[in-house]
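Q: Just one file: model_16.txt, with compact mmCIF, all heavy atoms.
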# COMPACT_ATOMS: atom_id res chain seq x y z
N MET A 1451 60.31 67.95 120.92
CA MET A 1451 60.72 69.31 121.22
C MET A 1451 60.22 70.24 120.12
O MET A 1451 60.32 69.93 118.95
CB MET A 1451 62.24 69.37 121.33
CG MET A 1451 62.78 70.76 121.31
SD MET A 1451 64.48 70.84 121.86
CE MET A 1451 64.18 71.44 123.49
N LYS A 1452 59.71 71.39 120.51
CA LYS A 1452 59.20 72.37 119.56
C LYS A 1452 60.32 73.26 119.05
O LYS A 1452 61.22 73.63 119.78
CB LYS A 1452 58.13 73.22 120.24
CG LYS A 1452 57.42 74.13 119.28
CD LYS A 1452 56.31 74.86 119.96
CE LYS A 1452 55.69 75.79 118.95
NZ LYS A 1452 54.67 76.63 119.49
N PHE A 1453 60.27 73.58 117.77
CA PHE A 1453 61.25 74.47 117.14
C PHE A 1453 61.02 75.89 117.64
O PHE A 1453 59.91 76.39 117.61
CB PHE A 1453 61.10 74.39 115.63
CG PHE A 1453 62.01 75.30 114.88
CD1 PHE A 1453 63.35 75.01 114.77
CD2 PHE A 1453 61.53 76.45 114.29
CE1 PHE A 1453 64.21 75.84 114.08
CE2 PHE A 1453 62.37 77.29 113.59
CZ PHE A 1453 63.71 76.97 113.50
N LYS A 1454 62.08 76.56 118.14
CA LYS A 1454 62.00 77.94 118.61
C LYS A 1454 63.05 78.79 117.92
O LYS A 1454 64.13 78.31 117.63
CB LYS A 1454 62.27 78.01 120.12
CG LYS A 1454 61.28 77.32 120.98
CD LYS A 1454 61.67 77.54 122.43
CE LYS A 1454 61.15 76.43 123.30
NZ LYS A 1454 61.60 76.55 124.68
N VAL A 1455 62.72 80.04 117.70
CA VAL A 1455 63.69 80.99 117.15
C VAL A 1455 64.32 81.69 118.35
O VAL A 1455 63.66 82.38 119.10
CB VAL A 1455 63.02 82.03 116.23
CG1 VAL A 1455 64.03 83.02 115.72
CG2 VAL A 1455 62.33 81.32 115.07
N SER A 1456 65.63 81.45 118.56
CA SER A 1456 66.32 82.02 119.72
C SER A 1456 66.99 83.34 119.37
O SER A 1456 67.25 83.64 118.22
CB SER A 1456 67.36 81.04 120.25
OG SER A 1456 68.35 80.83 119.28
N LYS A 1457 67.28 84.11 120.41
CA LYS A 1457 67.93 85.41 120.22
C LYS A 1457 69.16 85.48 121.12
O LYS A 1457 69.12 86.10 122.18
CB LYS A 1457 66.95 86.52 120.54
CG LYS A 1457 65.77 86.54 119.60
CD LYS A 1457 64.81 87.64 119.90
CE LYS A 1457 63.67 87.55 118.91
NZ LYS A 1457 62.67 88.54 119.08
N GLU A 1458 70.23 84.86 120.70
CA GLU A 1458 71.48 84.90 121.46
C GLU A 1458 72.41 85.91 120.81
O GLU A 1458 72.32 86.20 119.64
CB GLU A 1458 72.10 83.52 121.50
CG GLU A 1458 71.25 82.53 122.29
CD GLU A 1458 71.90 81.18 122.38
OE1 GLU A 1458 73.13 81.10 122.25
OE2 GLU A 1458 71.17 80.21 122.59
N LEU A 1459 73.36 86.41 121.59
CA LEU A 1459 74.22 87.48 121.10
C LEU A 1459 75.58 87.04 120.57
O LEU A 1459 76.06 87.59 119.61
CB LEU A 1459 74.42 88.52 122.22
CG LEU A 1459 73.15 89.18 122.71
CD1 LEU A 1459 73.45 90.11 123.87
CD2 LEU A 1459 72.46 89.94 121.59
N GLU A 1460 76.23 86.08 121.20
CA GLU A 1460 77.58 85.68 120.78
C GLU A 1460 77.53 84.80 119.54
O GLU A 1460 77.00 83.71 119.58
CB GLU A 1460 78.29 84.95 121.91
CG GLU A 1460 78.60 85.85 123.08
CD GLU A 1460 79.41 85.14 124.13
OE1 GLU A 1460 80.29 84.35 123.76
OE2 GLU A 1460 79.13 85.38 125.30
N LYS A 1461 78.10 85.29 118.46
CA LYS A 1461 78.09 84.56 117.19
C LYS A 1461 79.47 84.61 116.55
O LYS A 1461 80.23 85.55 116.75
CB LYS A 1461 77.08 85.17 116.21
CG LYS A 1461 75.67 85.27 116.73
CD LYS A 1461 75.04 83.93 116.88
CE LYS A 1461 73.61 84.11 117.36
NZ LYS A 1461 73.12 83.02 118.11
N ILE A 1462 79.77 83.59 115.77
CA ILE A 1462 81.01 83.52 115.00
C ILE A 1462 80.61 83.57 113.53
O ILE A 1462 79.79 82.78 113.07
CB ILE A 1462 81.76 82.21 115.29
CG1 ILE A 1462 82.15 82.15 116.75
CG2 ILE A 1462 82.98 82.08 114.38
CD1 ILE A 1462 82.68 80.82 117.19
N PRO A 1463 81.17 84.49 112.75
CA PRO A 1463 80.80 84.58 111.33
C PRO A 1463 81.33 83.38 110.54
O PRO A 1463 82.48 83.00 110.66
CB PRO A 1463 81.44 85.87 110.86
CG PRO A 1463 82.47 86.21 111.86
CD PRO A 1463 82.11 85.54 113.14
N LYS A 1464 80.46 82.77 109.76
CA LYS A 1464 80.80 81.66 108.87
C LYS A 1464 80.02 81.86 107.57
O LYS A 1464 78.99 82.52 107.55
CB LYS A 1464 80.39 80.31 109.48
CG LYS A 1464 81.23 79.88 110.65
CD LYS A 1464 82.56 79.44 110.16
CE LYS A 1464 83.42 78.92 111.29
NZ LYS A 1464 84.74 78.57 110.87
N THR A 1465 80.51 81.25 106.52
CA THR A 1465 79.82 81.31 105.24
C THR A 1465 79.33 79.91 104.89
O THR A 1465 80.08 78.95 105.00
CB THR A 1465 80.78 81.81 104.14
OG1 THR A 1465 81.25 83.09 104.51
CG2 THR A 1465 80.08 81.89 102.80
N VAL A 1466 78.07 79.82 104.49
CA VAL A 1466 77.50 78.54 104.04
C VAL A 1466 76.81 78.75 102.71
O VAL A 1466 76.39 79.86 102.37
CB VAL A 1466 76.51 77.95 105.06
CG1 VAL A 1466 77.19 77.62 106.37
CG2 VAL A 1466 75.35 78.87 105.29
N ARG A 1467 76.68 77.69 101.95
CA ARG A 1467 75.96 77.75 100.68
C ARG A 1467 74.64 77.01 100.86
O ARG A 1467 74.61 75.88 101.35
CB ARG A 1467 76.80 77.11 99.58
CG ARG A 1467 77.99 77.97 99.23
CD ARG A 1467 78.97 77.25 98.32
NE ARG A 1467 80.13 78.07 98.04
CZ ARG A 1467 81.18 78.20 98.85
NH1 ARG A 1467 81.21 77.55 99.99
NH2 ARG A 1467 82.19 78.97 98.51
N ILE A 1468 73.55 77.66 100.44
CA ILE A 1468 72.21 77.12 100.64
C ILE A 1468 71.52 77.03 99.28
O ILE A 1468 71.62 77.95 98.46
CB ILE A 1468 71.40 78.04 101.57
CG1 ILE A 1468 72.12 78.19 102.91
CG2 ILE A 1468 69.99 77.52 101.77
CD1 ILE A 1468 71.56 79.26 103.79
N ASP A 1469 70.82 75.93 99.05
CA ASP A 1469 70.05 75.77 97.81
C ASP A 1469 69.03 76.90 97.68
O ASP A 1469 68.51 77.40 98.69
CB ASP A 1469 69.30 74.43 97.81
CG ASP A 1469 70.24 73.24 97.73
OD1 ASP A 1469 71.37 73.41 97.22
OD2 ASP A 1469 69.84 72.15 98.17
N ASP A 1470 68.75 77.29 96.44
CA ASP A 1470 67.81 78.40 96.17
C ASP A 1470 66.47 78.20 96.86
O ASP A 1470 65.96 79.12 97.51
CB ASP A 1470 67.57 78.55 94.66
CG ASP A 1470 68.76 79.14 93.93
OD1 ASP A 1470 69.62 79.76 94.59
OD2 ASP A 1470 68.83 78.97 92.71
N LYS A 1471 65.88 77.03 96.70
CA LYS A 1471 64.54 76.79 97.27
C LYS A 1471 64.57 76.85 98.79
O LYS A 1471 63.66 77.38 99.41
CB LYS A 1471 63.98 75.46 96.79
CG LYS A 1471 63.64 75.51 95.31
CD LYS A 1471 62.81 74.33 94.89
CE LYS A 1471 62.53 74.47 93.40
NZ LYS A 1471 61.18 74.21 93.05
N ASP A 1472 65.63 76.30 99.40
CA ASP A 1472 65.76 76.36 100.86
C ASP A 1472 65.91 77.80 101.32
O ASP A 1472 65.33 78.20 102.33
CB ASP A 1472 66.95 75.52 101.34
CG ASP A 1472 66.74 74.03 101.10
OD1 ASP A 1472 65.59 73.59 100.97
OD2 ASP A 1472 67.75 73.32 101.04
N CYS A 1473 66.66 78.58 100.58
CA CYS A 1473 66.87 79.99 100.91
C CYS A 1473 65.54 80.74 100.90
O CYS A 1473 65.25 81.54 101.80
CB CYS A 1473 67.85 80.62 99.94
SG CYS A 1473 68.29 82.31 100.36
N GLU A 1474 64.72 80.47 99.91
CA GLU A 1474 63.40 81.12 99.81
C GLU A 1474 62.53 80.77 101.02
O GLU A 1474 61.85 81.63 101.57
CB GLU A 1474 62.70 80.71 98.52
CG GLU A 1474 63.35 81.28 97.28
CD GLU A 1474 62.77 80.71 95.99
OE1 GLU A 1474 61.72 80.02 96.04
OE2 GLU A 1474 63.37 80.94 94.93
N ILE A 1475 62.56 79.50 101.43
CA ILE A 1475 61.78 79.06 102.59
C ILE A 1475 62.27 79.74 103.85
O ILE A 1475 61.47 80.23 104.67
CB ILE A 1475 61.85 77.52 102.73
CG1 ILE A 1475 61.12 76.85 101.57
CG2 ILE A 1475 61.27 77.07 104.07
CD1 ILE A 1475 61.37 75.36 101.44
N ILE A 1476 63.59 79.82 104.03
CA ILE A 1476 64.16 80.45 105.21
C ILE A 1476 63.83 81.95 105.25
O ILE A 1476 63.47 82.49 106.29
CB ILE A 1476 65.68 80.21 105.30
CG1 ILE A 1476 65.95 78.71 105.47
CG2 ILE A 1476 66.31 81.02 106.43
CD1 ILE A 1476 67.38 78.29 105.23
N GLU A 1477 63.91 82.60 104.10
CA GLU A 1477 63.55 84.03 104.03
C GLU A 1477 62.08 84.23 104.40
O GLU A 1477 61.74 85.18 105.11
CB GLU A 1477 63.83 84.58 102.64
CG GLU A 1477 65.31 84.76 102.37
CD GLU A 1477 65.63 85.16 100.94
OE1 GLU A 1477 64.79 84.95 100.04
OE2 GLU A 1477 66.75 85.67 100.72
N LYS A 1478 61.22 83.35 103.94
CA LYS A 1478 59.79 83.43 104.26
C LYS A 1478 59.57 83.24 105.76
O LYS A 1478 58.81 83.97 106.39
CB LYS A 1478 59.01 82.37 103.47
CG LYS A 1478 57.53 82.41 103.69
CD LYS A 1478 56.82 81.36 102.85
CE LYS A 1478 55.34 81.34 103.18
NZ LYS A 1478 54.62 80.29 102.46
N LEU A 1479 60.25 82.25 106.35
CA LEU A 1479 60.15 82.02 107.79
C LEU A 1479 60.62 83.24 108.58
O LEU A 1479 60.01 83.62 109.58
CB LEU A 1479 60.97 80.80 108.20
CG LEU A 1479 60.40 79.44 107.83
CD1 LEU A 1479 61.45 78.35 108.06
CD2 LEU A 1479 59.15 79.16 108.65
N ALA A 1480 61.72 83.84 108.14
CA ALA A 1480 62.25 85.03 108.81
C ALA A 1480 61.23 86.17 108.77
O ALA A 1480 60.99 86.84 109.79
CB ALA A 1480 63.57 85.46 108.18
N LYS A 1481 60.63 86.37 107.63
CA LYS A 1481 59.64 87.43 107.49
C LYS A 1481 58.42 87.16 108.37
O LYS A 1481 57.95 88.05 109.08
CB LYS A 1481 59.22 87.57 106.03
CG LYS A 1481 58.28 88.72 105.77
CD LYS A 1481 57.99 88.86 104.30
CE LYS A 1481 57.05 90.04 104.05
NZ LYS A 1481 56.72 90.18 102.64
N GLU A 1482 57.93 85.92 108.36
CA GLU A 1482 56.75 85.56 109.15
C GLU A 1482 57.02 85.69 110.65
O GLU A 1482 56.11 86.01 111.41
CB GLU A 1482 56.33 84.12 108.85
CG GLU A 1482 55.72 83.94 107.48
CD GLU A 1482 55.49 82.49 107.11
OE1 GLU A 1482 55.84 81.58 107.90
OE2 GLU A 1482 54.96 82.26 106.01
N ASN A 1483 58.25 85.43 111.08
CA ASN A 1483 58.59 85.48 112.50
C ASN A 1483 59.21 86.82 112.90
O ASN A 1483 59.63 86.98 114.05
CB ASN A 1483 59.56 84.35 112.84
CG ASN A 1483 58.87 83.01 112.85
OD1 ASN A 1483 58.23 82.66 113.83
ND2 ASN A 1483 58.97 82.28 111.76
N ARG A 1484 59.30 87.74 111.95
CA ARG A 1484 59.86 89.07 112.18
C ARG A 1484 61.24 88.99 112.83
O ARG A 1484 61.49 89.58 113.88
CB ARG A 1484 58.91 89.91 113.03
CG ARG A 1484 57.61 90.19 112.36
CD ARG A 1484 56.74 91.04 113.21
NE ARG A 1484 55.44 91.21 112.56
CZ ARG A 1484 54.34 91.51 113.19
NH1 ARG A 1484 54.36 91.69 114.49
NH2 ARG A 1484 53.22 91.64 112.53
N CYS A 1485 62.09 88.21 112.20
CA CYS A 1485 63.47 88.09 112.70
C CYS A 1485 64.40 87.96 111.50
O CYS A 1485 63.96 87.93 110.36
CB CYS A 1485 63.60 86.90 113.64
SG CYS A 1485 63.29 85.32 112.86
N SER A 1486 65.66 87.88 111.78
CA SER A 1486 66.65 87.83 110.70
C SER A 1486 66.79 86.43 110.11
O SER A 1486 66.43 85.43 110.74
CB SER A 1486 68.01 88.30 111.21
OG SER A 1486 68.56 87.33 112.10
N PHE A 1487 67.33 86.41 108.93
CA PHE A 1487 67.67 85.16 108.24
C PHE A 1487 68.61 84.34 109.13
O PHE A 1487 68.42 83.14 109.32
CB PHE A 1487 68.35 85.51 106.91
CG PHE A 1487 68.66 84.35 106.02
CD1 PHE A 1487 67.74 83.91 105.09
CD2 PHE A 1487 69.89 83.71 106.11
CE1 PHE A 1487 68.04 82.84 104.25
CE2 PHE A 1487 70.19 82.65 105.27
CZ PHE A 1487 69.26 82.21 104.35
N ASN A 1488 69.61 85.01 109.72
CA ASN A 1488 70.57 84.33 110.58
C ASN A 1488 69.91 83.73 111.82
O ASN A 1488 70.31 82.66 112.28
CB ASN A 1488 71.70 85.28 111.01
CG ASN A 1488 72.70 85.50 109.91
OD1 ASN A 1488 72.83 84.69 109.00
ND2 ASN A 1488 73.41 86.60 109.99
N ALA A 1489 68.92 84.41 112.39
CA ALA A 1489 68.23 83.88 113.56
C ALA A 1489 67.53 82.56 113.22
O ALA A 1489 67.57 81.62 114.02
CB ALA A 1489 67.21 84.89 114.08
N ILE A 1490 66.94 82.49 112.03
CA ILE A 1490 66.29 81.25 111.61
C ILE A 1490 67.32 80.15 111.42
O ILE A 1490 67.15 79.03 111.90
CB ILE A 1490 65.48 81.46 110.30
CG1 ILE A 1490 64.34 82.45 110.52
CG2 ILE A 1490 64.96 80.14 109.76
CD1 ILE A 1490 63.25 81.99 111.46
N ILE A 1491 68.42 80.46 110.74
CA ILE A 1491 69.48 79.47 110.52
C ILE A 1491 70.01 78.94 111.85
O ILE A 1491 70.15 77.73 112.05
CB ILE A 1491 70.64 80.07 109.69
CG1 ILE A 1491 70.17 80.41 108.27
CG2 ILE A 1491 71.85 79.15 109.67
CD1 ILE A 1491 69.83 79.21 107.42
N ASN A 1492 70.32 79.84 112.79
CA ASN A 1492 70.84 79.42 114.09
C ASN A 1492 69.83 78.57 114.85
O ASN A 1492 70.20 77.58 115.49
CB ASN A 1492 71.26 80.63 114.92
CG ASN A 1492 72.58 81.19 114.47
OD1 ASN A 1492 73.56 80.47 114.36
ND2 ASN A 1492 72.61 82.48 114.19
N SER A 1493 68.56 78.92 114.78
CA SER A 1493 67.53 78.13 115.45
C SER A 1493 67.42 76.74 114.82
O SER A 1493 67.26 75.75 115.54
CB SER A 1493 66.18 78.84 115.37
OG SER A 1493 66.26 80.06 116.06
N MET A 1494 67.51 76.66 113.52
CA MET A 1494 67.46 75.36 112.83
C MET A 1494 68.65 74.49 113.22
O MET A 1494 68.49 73.28 113.45
CB MET A 1494 67.44 75.57 111.32
CG MET A 1494 66.19 76.19 110.79
SD MET A 1494 66.36 76.57 109.05
CE MET A 1494 64.76 76.06 108.47
N ILE A 1495 69.82 75.09 113.30
CA ILE A 1495 71.01 74.34 113.69
C ILE A 1495 70.86 73.80 115.12
O ILE A 1495 71.14 72.62 115.36
CB ILE A 1495 72.27 75.22 113.55
CG1 ILE A 1495 72.56 75.50 112.08
CG2 ILE A 1495 73.48 74.56 114.24
CD1 ILE A 1495 73.61 76.56 111.84
N LYS A 1496 70.43 74.66 116.05
CA LYS A 1496 70.25 74.21 117.44
C LYS A 1496 69.22 73.08 117.52
O LYS A 1496 69.44 72.09 118.22
CB LYS A 1496 69.80 75.37 118.31
CG LYS A 1496 70.90 76.35 118.62
CD LYS A 1496 70.39 77.44 119.54
CE LYS A 1496 71.36 78.56 119.67
NZ LYS A 1496 72.54 78.28 120.38
N TYR A 1497 68.12 73.22 116.81
CA TYR A 1497 67.08 72.19 116.81
C TYR A 1497 67.63 70.88 116.27
O TYR A 1497 67.40 69.81 116.85
CB TYR A 1497 65.89 72.67 115.97
CG TYR A 1497 64.77 71.67 115.90
CD1 TYR A 1497 63.83 71.60 116.93
CD2 TYR A 1497 64.63 70.80 114.83
CE1 TYR A 1497 62.80 70.69 116.89
CE2 TYR A 1497 63.61 69.87 114.78
CZ TYR A 1497 62.69 69.82 115.81
OH TYR A 1497 61.68 68.92 115.77
N ALA A 1498 68.37 70.95 115.18
CA ALA A 1498 68.95 69.73 114.58
C ALA A 1498 69.92 69.05 115.54
O ALA A 1498 69.88 67.83 115.72
CB ALA A 1498 69.64 70.07 113.27
N ILE A 1499 70.79 69.82 116.17
CA ILE A 1499 71.77 69.26 117.09
C ILE A 1499 71.08 68.62 118.29
O ILE A 1499 71.43 67.51 118.71
CB ILE A 1499 72.78 70.35 117.56
CG1 ILE A 1499 73.68 70.73 116.38
CG2 ILE A 1499 73.59 69.87 118.75
CD1 ILE A 1499 74.54 71.95 116.65
N GLU A 1500 70.08 69.29 118.85
CA GLU A 1500 69.36 68.76 120.00
C GLU A 1500 68.57 67.49 119.68
O GLU A 1500 68.23 66.73 120.57
CB GLU A 1500 68.42 69.82 120.58
CG GLU A 1500 69.16 70.96 121.24
CD GLU A 1500 68.26 72.13 121.61
OE1 GLU A 1500 67.03 72.05 121.37
OE2 GLU A 1500 68.78 73.11 122.16
N ASN A 1501 68.26 67.28 118.41
CA ASN A 1501 67.44 66.14 118.03
C ASN A 1501 68.21 65.09 117.24
O ASN A 1501 67.62 64.28 116.53
CB ASN A 1501 66.22 66.63 117.23
CG ASN A 1501 65.26 67.37 118.13
OD1 ASN A 1501 64.50 66.77 118.84
ND2 ASN A 1501 65.35 68.70 118.12
N MET A 1502 69.52 65.07 117.39
CA MET A 1502 70.35 64.06 116.71
C MET A 1502 70.38 62.79 117.53
O MET A 1502 70.34 62.78 118.70
CB MET A 1502 71.77 64.58 116.52
CG MET A 1502 71.82 65.70 115.49
SD MET A 1502 73.47 66.32 115.27
CE MET A 1502 74.00 65.28 113.94
Now that the file is in, can you turn its structure into structure tokens?

A:
Amino acid sequence: MKFKVSKELEKIPKTVRIDDKDCEIIEKLAKENRCSFNAIINSMIKYAIENM
């Protein structure tokens, strides 16, 4: 399955702690894909769950 950045509307606010290097990678991905940091995080979570 290919990783996709999704754009869904219903979200629940949560706080997570992310390592500095991972945060930099996610910010870079968000910039390259012209989307938010949260959109990348949500897409990564969905991809991980679907591939467990």

Q: For atom O of Ser1493 (chain A) and CD of Lys1461 (chain A), determine how far apart the two atoms are, in Å to one decimal place.

A: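 Here the two named atoms are 11.4 Å from each other.
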
Q: Hey, what's within 10 Å of region 1466-1480 of chain A if we count only C-alpha atoms and toss same-chain stuff fewer than 2 positions away? As an NGL selection string, please?

A: :A and (1455 or 1464 or 1482-1491 or 1494)

Q: One number please: atom C of Met1502 (chain A) to atom C of Glu1460 (chain A), in Å, one decimal.

A: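 Spanning atom C of Met1502 (chain A) to atom C of Glu1460 (chain A) is a straight-line distance of 23.2 Å.
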
Q: Residues of chain A in helix (DSSP H, G or I) according to DSSP, as a list in words?

A: Asp1470, Lys1471, Asp1472, Cys1473, Glu1474, Ile1475, Ile1476, Glu1477, Lys1478, Leu1479, Ala1480, Lys1481, Glu1482, Phe1487, Asn1488, Ala1489, Ile1490, Ile1491, Asn1492, Ser1493, Met1494, Ile1495, Lys1496, Tyr1497, Ala1498, Ile1499 and Glu1500 of chain A

Q: Take atom N of Pro1463 (chain A) and atom N of Asn1492 (chain A) and report the distance between them in Å, one decimal.

A: 11.8 Å

Q: With 3 Å added on each side, what axis-aligned box encloses every listed atom of region 1472-1484 of chain A? Give the centre and edge lengths in Å to one decimal, as lines of an AutoDock Vina configuration file.

A:
center_x = 60.8
center_y = 82.5
center_z = 104.7
size_x = 21.1
size_y = 24.4
size_z = 25.6
